[in-house]
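Asks: Below you'll find the structure I mean.
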Amino acid sequence: MEQTSAPKGMDIARDFYESVGKDMIHEKFPEYEDRIATGLVGEGSECFGYDDSQSWDHDFGAGFCMWLTDEDFEAMGEKLQAEYAGLADKYDRYPVKADSELGGHRIGVWRISDFYAHFLGGEVVPADLMSWLRLPDSYLAVATNGEVFSDPYGEFTRIRDRLKAGYPADIRIKKMSARMAEMSRAGQYNYPRALNRGESVAAELALAEFIRNGMQLVYLINNRYAPFDKWMHRGIKELPKLEDTYDDFSLLADGTRDVREKVRVIEDICGKCARELHAERLIDSDEPFLQAHLPRMAANIEDTTIRSLPWLAG
């Protein structure tokens with residue numbers, strides 16, 4: 001079938017579910033119909049809504065997830081998966097994708113507990129602050145992206161809503177402090193010094209570290225989880241705060257721009273972040289030099305163990 005524009009994977013997944021998946025559940029599993037959650041969440045650009053025509057060269061096609069409690073999975077999980085596999089013969093609008101050895105298990109039937117543990121290192125929801133601190137932002141971004149099409153029982157969404165609420169306050173502050181420390185070290189200190197010494201490679205490494213940590217801080221200020229590198233910059237445009245830093249980071253990555261302009265933009269980004277943190281009353285001023293705010297940030301952390309950890313924790 002010839003395509004003239006790139007269909008979005010989430011739209012295809014929803015159409016696949018609405019066209020054949022919903023009826024299959026209703027007809028084959030009526031006693032479980034009110035207990036099965038459906039949607040598309042997890043790995044893949046389509047789960048973030050960032051897929052385009054270039055995404056067609058791998059893992060492209062229709063597919064959705066069904067999430068079950070442990071009890072329901074034991075009772076009918078294998079049968080439900082078999083019926084799901086048979087939907088490919090009933091749907092012809094787009095190719096129907098299947099799990100692969102390379103891509104792993106991404107669609108079809110999941111235990112709710114296995115789904116979240118798969119992305120969060122064995123825990124459905126982190127049990128304590130140290131578990132939260134050890135989790136990379138990108139893992140949580142993958143576990144909470146996408147869409148839930150239906151969840152009448154509500155267990156999958158209950159966990160999802162807790163995770164989407166963001167980090168516990170102490171962990172968010174510790175992670176922001178770590179990003180601020182790295183931004184100040186790499187961008188406000190090392191980058192201009194490396195330039196002055198003529199160390200271009202060291203300067204580029206410092207600039208890259210500033211960009212990565214700066215974007216992560218922008219997400220944390222928004223109480224959002226930064227996705228992995230491939231989509232981190234793109235996602236900034238969709239944030240309610242500091243979305244204008246999308247253009248700032250674009251300039252820093254532009255090899256044709258003057259380095260003196262980049263030094264100025266680094267300070268602009270730090271100043272914008274400081275103003276947001278000051279508005280949240282986490283720091284005492286909007287001074288752009290982020291290193292200066294670390295003691296005040298630490299004072300906001302109630303848990304003494306978390307507070308005592310090095311700045312680069314998290």
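A note on labels: chains of the structure tokens are A, B, ... as shown, every chain counts residues from 1, and ligands are counted from 1 in their shown order.
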As JSON, numbers by chain, which residues of region 77-303 of chain A does DSSP assign to alpha helix (DSSP H)?

Replies: {"A": [77, 78, 79, 80, 81, 82, 83, 84, 85, 112, 113, 114, 115, 116, 117, 118, 119, 120, 129, 130, 131, 132, 133, 134, 137, 138, 139, 140, 141, 142, 143, 155, 156, 157, 158, 159, 160, 161, 162, 163, 164, 169, 170, 171, 172, 173, 174, 175, 176, 177, 178, 179, 180, 181, 182, 183, 191, 192, 193, 194, 195, 196, 197, 200, 201, 202, 203, 204, 205, 206, 207, 208, 209, 210, 211, 212, 213, 214, 215, 216, 217, 218, 219, 220, 221, 229, 230, 231, 232, 233, 234, 235, 236, 245, 246, 247, 248, 249, 250, 251, 252, 259, 260, 261, 262, 263, 264, 265, 266, 267, 268, 269, 270, 271, 272, 273, 274, 275, 276, 277, 278, 279, 294, 295, 296, 297, 298, 299]}

Asks: Please provide the set of residues having any atom within 9 Å of Glu123 (chain A), restricted to only C-alpha atoms, with same-chain residues fewer than 6 positions apart removed, written as a list in words.

Replies: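 Once the nearby chain positions are removed, what remains is Ser113, Asp114, Tyr116, Ala117 and Ser131 of chain A.
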
Asks: Taking only C-alpha atoms into account, name the residue in A:Val41, A:Ala298, A:Met183, A:Met24 that is nearest to Leu140 (chain A).

Replies: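 For Leu140 (chain A), the nearest of the given residues is A:Val41.
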
Asks: Just list the residues in region 131-175 of chain A DSSP gives strand (DSSP E) on the backbone, as a count of residues only.

Replies: 4

Asks: Which neighbours of Phe249 (chain A) fall inside 9 Å, counting only C-alpha atoms, when residues of the same chain fewer than 6 positions from it are skipped, and could you give them as a ChimeraX atom specification?

Replies: /A:211,214-215,233,265-266,269

Asks: Would you pick out the contacts of Asp23 (chain A) at 12 Å or less, using only C-alpha atoms, so that residues sharing its chain but fewer than 6 positions from it are not included, and give the list as a PDB file with all heavy atoms, in the first residue's frame?

Replies:
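Ended up saving to part.pdb:
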```pdb
ATOM      1  N   PHE A  16      -5.999  -0.155  15.178  1.00  0.00           N
ATOM      2  CA  PHE A  16      -5.896  -1.617  15.259  1.00  0.00           C
ATOM      3  C   PHE A  16      -6.732  -2.145  16.426  1.00  0.00           C
ATOM      4  O   PHE A  16      -7.490  -3.110  16.297  1.00  0.00           O
ATOM      5  CB  PHE A  16      -4.421  -1.990  15.416  1.00  0.00           C
ATOM      6  CG  PHE A  16      -4.125  -3.463  15.407  1.00  0.00           C
ATOM      7  CD1 PHE A  16      -4.775  -4.326  14.536  1.00  0.00           C
ATOM      8  CD2 PHE A  16      -3.163  -3.991  16.260  1.00  0.00           C
ATOM      9  CE1 PHE A  16      -4.486  -5.686  14.520  1.00  0.00           C
ATOM     10  CE2 PHE A  16      -2.866  -5.343  16.250  1.00  0.00           C
ATOM     11  CZ  PHE A  16      -3.529  -6.194  15.393  1.00  0.00           C
ATOM     12  N   TYR A  17      -6.615  -1.477  17.573  1.00  0.00           N
ATOM     13  CA  TYR A  17      -7.393  -1.881  18.740  1.00  0.00           C
ATOM     14  C   TYR A  17      -8.893  -1.676  18.506  1.00  0.00           C
ATOM     15  O   TYR A  17      -9.699  -2.580  18.759  1.00  0.00           O
ATOM     16  CB  TYR A  17      -6.941  -1.087  19.963  1.00  0.00           C
ATOM     17  CG  TYR A  17      -7.900  -1.174  21.116  1.00  0.00           C
ATOM     18  CD1 TYR A  17      -8.076  -2.366  21.817  1.00  0.00           C
ATOM     19  CD2 TYR A  17      -8.656  -0.060  21.496  1.00  0.00           C
ATOM     20  CE1 TYR A  17      -8.983  -2.446  22.873  1.00  0.00           C
ATOM     21  CE2 TYR A  17      -9.558  -0.141  22.548  1.00  0.00           C
ATOM     22  CZ  TYR A  17      -9.725  -1.331  23.228  1.00  0.00           C
ATOM     23  OH  TYR A  17     -10.622  -1.414  24.261  1.00  0.00           O
ATOM     24  N   PHE A  29     -13.279 -12.985  25.560  1.00  0.00           N
ATOM     25  CA  PHE A  29     -12.979 -12.900  26.989  1.00  0.00           C
ATOM     26  C   PHE A  29     -13.976 -11.971  27.698  1.00  0.00           C
ATOM     27  O   PHE A  29     -13.579 -11.020  28.381  1.00  0.00           O
ATOM     28  CB  PHE A  29     -11.545 -12.384  27.201  1.00  0.00           C
ATOM     29  CG  PHE A  29     -10.505 -13.217  26.520  1.00  0.00           C
ATOM     30  CD1 PHE A  29     -10.076 -12.903  25.230  1.00  0.00           C
ATOM     31  CD2 PHE A  29      -9.955 -14.325  27.154  1.00  0.00           C
ATOM     32  CE1 PHE A  29      -9.120 -13.678  24.592  1.00  0.00           C
ATOM     33  CE2 PHE A  29      -8.998 -15.102  26.525  1.00  0.00           C
ATOM     34  CZ  PHE A  29      -8.581 -14.787  25.238  1.00  0.00           C
ATOM     35  N   PRO A  30     -15.270 -12.243  27.553  1.00  0.00           N
ATOM     36  CA  PRO A  30     -16.263 -11.330  28.131  1.00  0.00           C
ATOM     37  C   PRO A  30     -16.155 -11.205  29.643  1.00  0.00           C
ATOM     38  O   PRO A  30     -16.431 -10.135  30.199  1.00  0.00           O
ATOM     39  CB  PRO A  30     -17.599 -11.952  27.706  1.00  0.00           C
ATOM     40  CG  PRO A  30     -17.286 -13.397  27.437  1.00  0.00           C
ATOM     41  CD  PRO A  30     -15.903 -13.398  26.883  1.00  0.00           C
ATOM     42  N   GLU A  33     -13.376  -8.647  30.302  1.00  0.00           N
ATOM     43  CA  GLU A  33     -13.406  -7.409  29.520  1.00  0.00           C
ATOM     44  C   GLU A  33     -13.216  -6.176  30.389  1.00  0.00           C
ATOM     45  O   GLU A  33     -12.575  -5.200  29.978  1.00  0.00           O
ATOM     46  CB  GLU A  33     -14.729  -7.325  28.756  1.00  0.00           C
ATOM     47  CG  GLU A  33     -14.816  -6.161  27.784  1.00  0.00           C
ATOM     48  CD  GLU A  33     -16.093  -6.210  26.963  1.00  0.00           C
ATOM     49  OE1 GLU A  33     -16.990  -7.032  27.277  1.00  0.00           O
ATOM     50  OE2 GLU A  33     -16.198  -5.425  26.004  1.00  0.00           O
ATOM     51  N   GLU A  83      -4.859 -15.237  20.875  1.00  0.00           N
ATOM     52  CA  GLU A  83      -5.921 -14.544  20.143  1.00  0.00           C
ATOM     53  C   GLU A  83      -5.403 -13.229  19.551  1.00  0.00           C
ATOM     54  O   GLU A  83      -5.785 -12.846  18.434  1.00  0.00           O
ATOM     55  CB  GLU A  83      -7.109 -14.267  21.067  1.00  0.00           C
ATOM     56  CG  GLU A  83      -7.842 -15.520  21.524  1.00  0.00           C
ATOM     57  CD  GLU A  83      -8.606 -16.198  20.386  1.00  0.00           C
ATOM     58  OE1 GLU A  83      -8.841 -15.532  19.338  1.00  0.00           O
ATOM     59  OE2 GLU A  83      -8.958 -17.377  20.533  1.00  0.00           O
ATOM     60  N   TYR A  84      -4.538 -12.555  20.298  1.00  0.00           N
ATOM     61  CA  TYR A  84      -3.948 -11.317  19.793  1.00  0.00           C
ATOM     62  C   TYR A  84      -3.141 -11.589  18.524  1.00  0.00           C
ATOM     63  O   TYR A  84      -3.230 -10.847  17.540  1.00  0.00           O
ATOM     64  CB  TYR A  84      -3.057 -10.682  20.860  1.00  0.00           C
ATOM     65  CG  TYR A  84      -2.277  -9.480  20.375  1.00  0.00           C
ATOM     66  CD1 TYR A  84      -2.858  -8.227  20.313  1.00  0.00           C
ATOM     67  CD2 TYR A  84      -0.954  -9.609  19.963  1.00  0.00           C
ATOM     68  CE1 TYR A  84      -2.147  -7.125  19.858  1.00  0.00           C
ATOM     69  CE2 TYR A  84      -0.234  -8.523  19.505  1.00  0.00           C
ATOM     70  CZ  TYR A  84      -0.832  -7.283  19.456  1.00  0.00           C
ATOM     71  OH  TYR A  84      -0.125  -6.201  18.995  1.00  0.00           O
ATOM     72  N   LEU A  87      -5.047 -11.634  15.299  1.00  0.00           N
ATOM     73  CA  LEU A  87      -5.656 -10.420  14.774  1.00  0.00           C
ATOM     74  C   LEU A  87      -5.014  -9.960  13.467  1.00  0.00           C
ATOM     75  O   LEU A  87      -5.628  -9.216  12.697  1.00  0.00           O
ATOM     76  CB  LEU A  87      -5.543  -9.287  15.810  1.00  0.00           C
ATOM     77  CG  LEU A  87      -6.337  -9.453  17.102  1.00  0.00           C
ATOM     78  CD1 LEU A  87      -6.079  -8.282  18.031  1.00  0.00           C
ATOM     79  CD2 LEU A  87      -7.832  -9.597  16.821  1.00  0.00           C
ATOM     80  N   LYS A  90      -7.031 -10.347  10.421  1.00  0.00           N
ATOM     81  CA  LYS A  90      -8.292  -9.613  10.341  1.00  0.00           C
ATOM     82  C   LYS A  90      -8.095  -8.119  10.087  1.00  0.00           C
ATOM     83  O   LYS A  90      -9.066  -7.364  10.063  1.00  0.00           O
ATOM     84  CB  LYS A  90      -9.076  -9.795  11.643  1.00  0.00           C
ATOM     85  CG  LYS A  90      -9.371 -11.248  11.985  1.00  0.00           C
ATOM     86  CD  LYS A  90     -10.111 -11.365  13.317  1.00  0.00           C
ATOM     87  CE  LYS A  90     -10.388 -12.815  13.679  1.00  0.00           C
ATOM     88  NZ  LYS A  90     -11.090 -12.944  14.973  1.00  0.00           N
TER      89      LYS A  90
END
```

Asks: Please list as a PyMOL selection string every residue within 9 Å of Ser45 (chain A), counting only C-alpha atoms and excluding residues in the same chain fewer than 4 positions away.

Replies: chain A and resi 9+49-52+55+231

Asks: Quick one: distance from CA of Asn190 (chain A) to CA of Ala203 (chain A) in Å, one decimal?

Replies: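 Value for the CA of Asn190 (chain A)-CA of Ala203 (chain A) distance: 7.2 Å.
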
Asks: Kindly give the distance, in Å, that separates CA of Ser150 (chain A) and CA of Ala13 (chain A), rounded to a single decimal.

Replies: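 Atom-to-atom, CA of Ser150 (chain A) and CA of Ala13 (chain A) are spaced 12.8 Å apart.
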
Asks: One decimal, Å: what's the distance from CA of Phe228 (chain A) over to CA of Ser138 (chain A), could you say?

Replies: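 Separation between CA of Phe228 (chain A) and CA of Ser138 (chain A): 5.0 Å.
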
Asks: Counting only C-alpha atoms, which residue out of A:Arg281, A:Arg197, A:Phe156, A:Gly63 sits closest to Pro95 (chain A)?

Replies: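 Nearest candidate to Pro95 (chain A) out of A:Arg281, A:Arg197, A:Phe156, A:Gly63: A:Gly63.
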
Asks: For a quick check of understanding, using only C-alpha atoms, which of A:Asn145, A:Ser285, A:Ser250, A:Ser177 has the smallest distance to Met297 (chain A)?

Replies: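 Distance minimum relative to Met297 (chain A) lands on A:Ser177.
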
Asks: Skipping near chain neighbours, those fewer than 4 positions away, what residues fall within 9 Å of Leu239 (chain A) using only C-alpha atoms, listed as a ChimeraX atom specification?

Replies: /A:218-219,222,224,235,243

Asks: Go ahead and write the residues just picked, N, CA and C atoms, as a PDB file, in the first residue's frame.

Replies:
```pdb
ATOM      1  N   VAL A 218      16.056  21.265  32.676  1.00  0.00           N
ATOM      2  CA  VAL A 218      14.813  21.863  32.179  1.00  0.00           C
ATOM      3  C   VAL A 218      13.638  20.909  32.403  1.00  0.00           C
ATOM      4  N   TYR A 219      13.840  19.628  32.124  1.00  0.00           N
ATOM      5  CA  TYR A 219      12.777  18.653  32.381  1.00  0.00           C
ATOM      6  C   TYR A 219      12.459  18.581  33.869  1.00  0.00           C
ATOM      7  N   ASN A 222      10.332  21.247  35.127  1.00  0.00           N
ATOM      8  CA  ASN A 222       8.948  20.984  34.734  1.00  0.00           C
ATOM      9  C   ASN A 222       8.346  19.770  35.431  1.00  0.00           C
ATOM     10  N   ARG A 224       9.119  16.731  34.948  1.00  0.00           N
ATOM     11  CA  ARG A 224       8.965  15.708  33.912  1.00  0.00           C
ATOM     12  C   ARG A 224      10.243  14.871  33.839  1.00  0.00           C
ATOM     13  N   GLY A 235      11.705  17.061  22.771  1.00  0.00           N
ATOM     14  CA  GLY A 235      10.635  17.119  23.758  1.00  0.00           C
ATOM     15  C   GLY A 235      10.549  18.433  24.501  1.00  0.00           C
ATOM     16  N   GLU A 243      10.305  26.308  27.487  1.00  0.00           N
ATOM     17  CA  GLU A 243      10.288  25.722  26.152  1.00  0.00           C
ATOM     18  C   GLU A 243      11.142  26.536  25.176  1.00  0.00           C
TER      19      GLU A 243
END
```
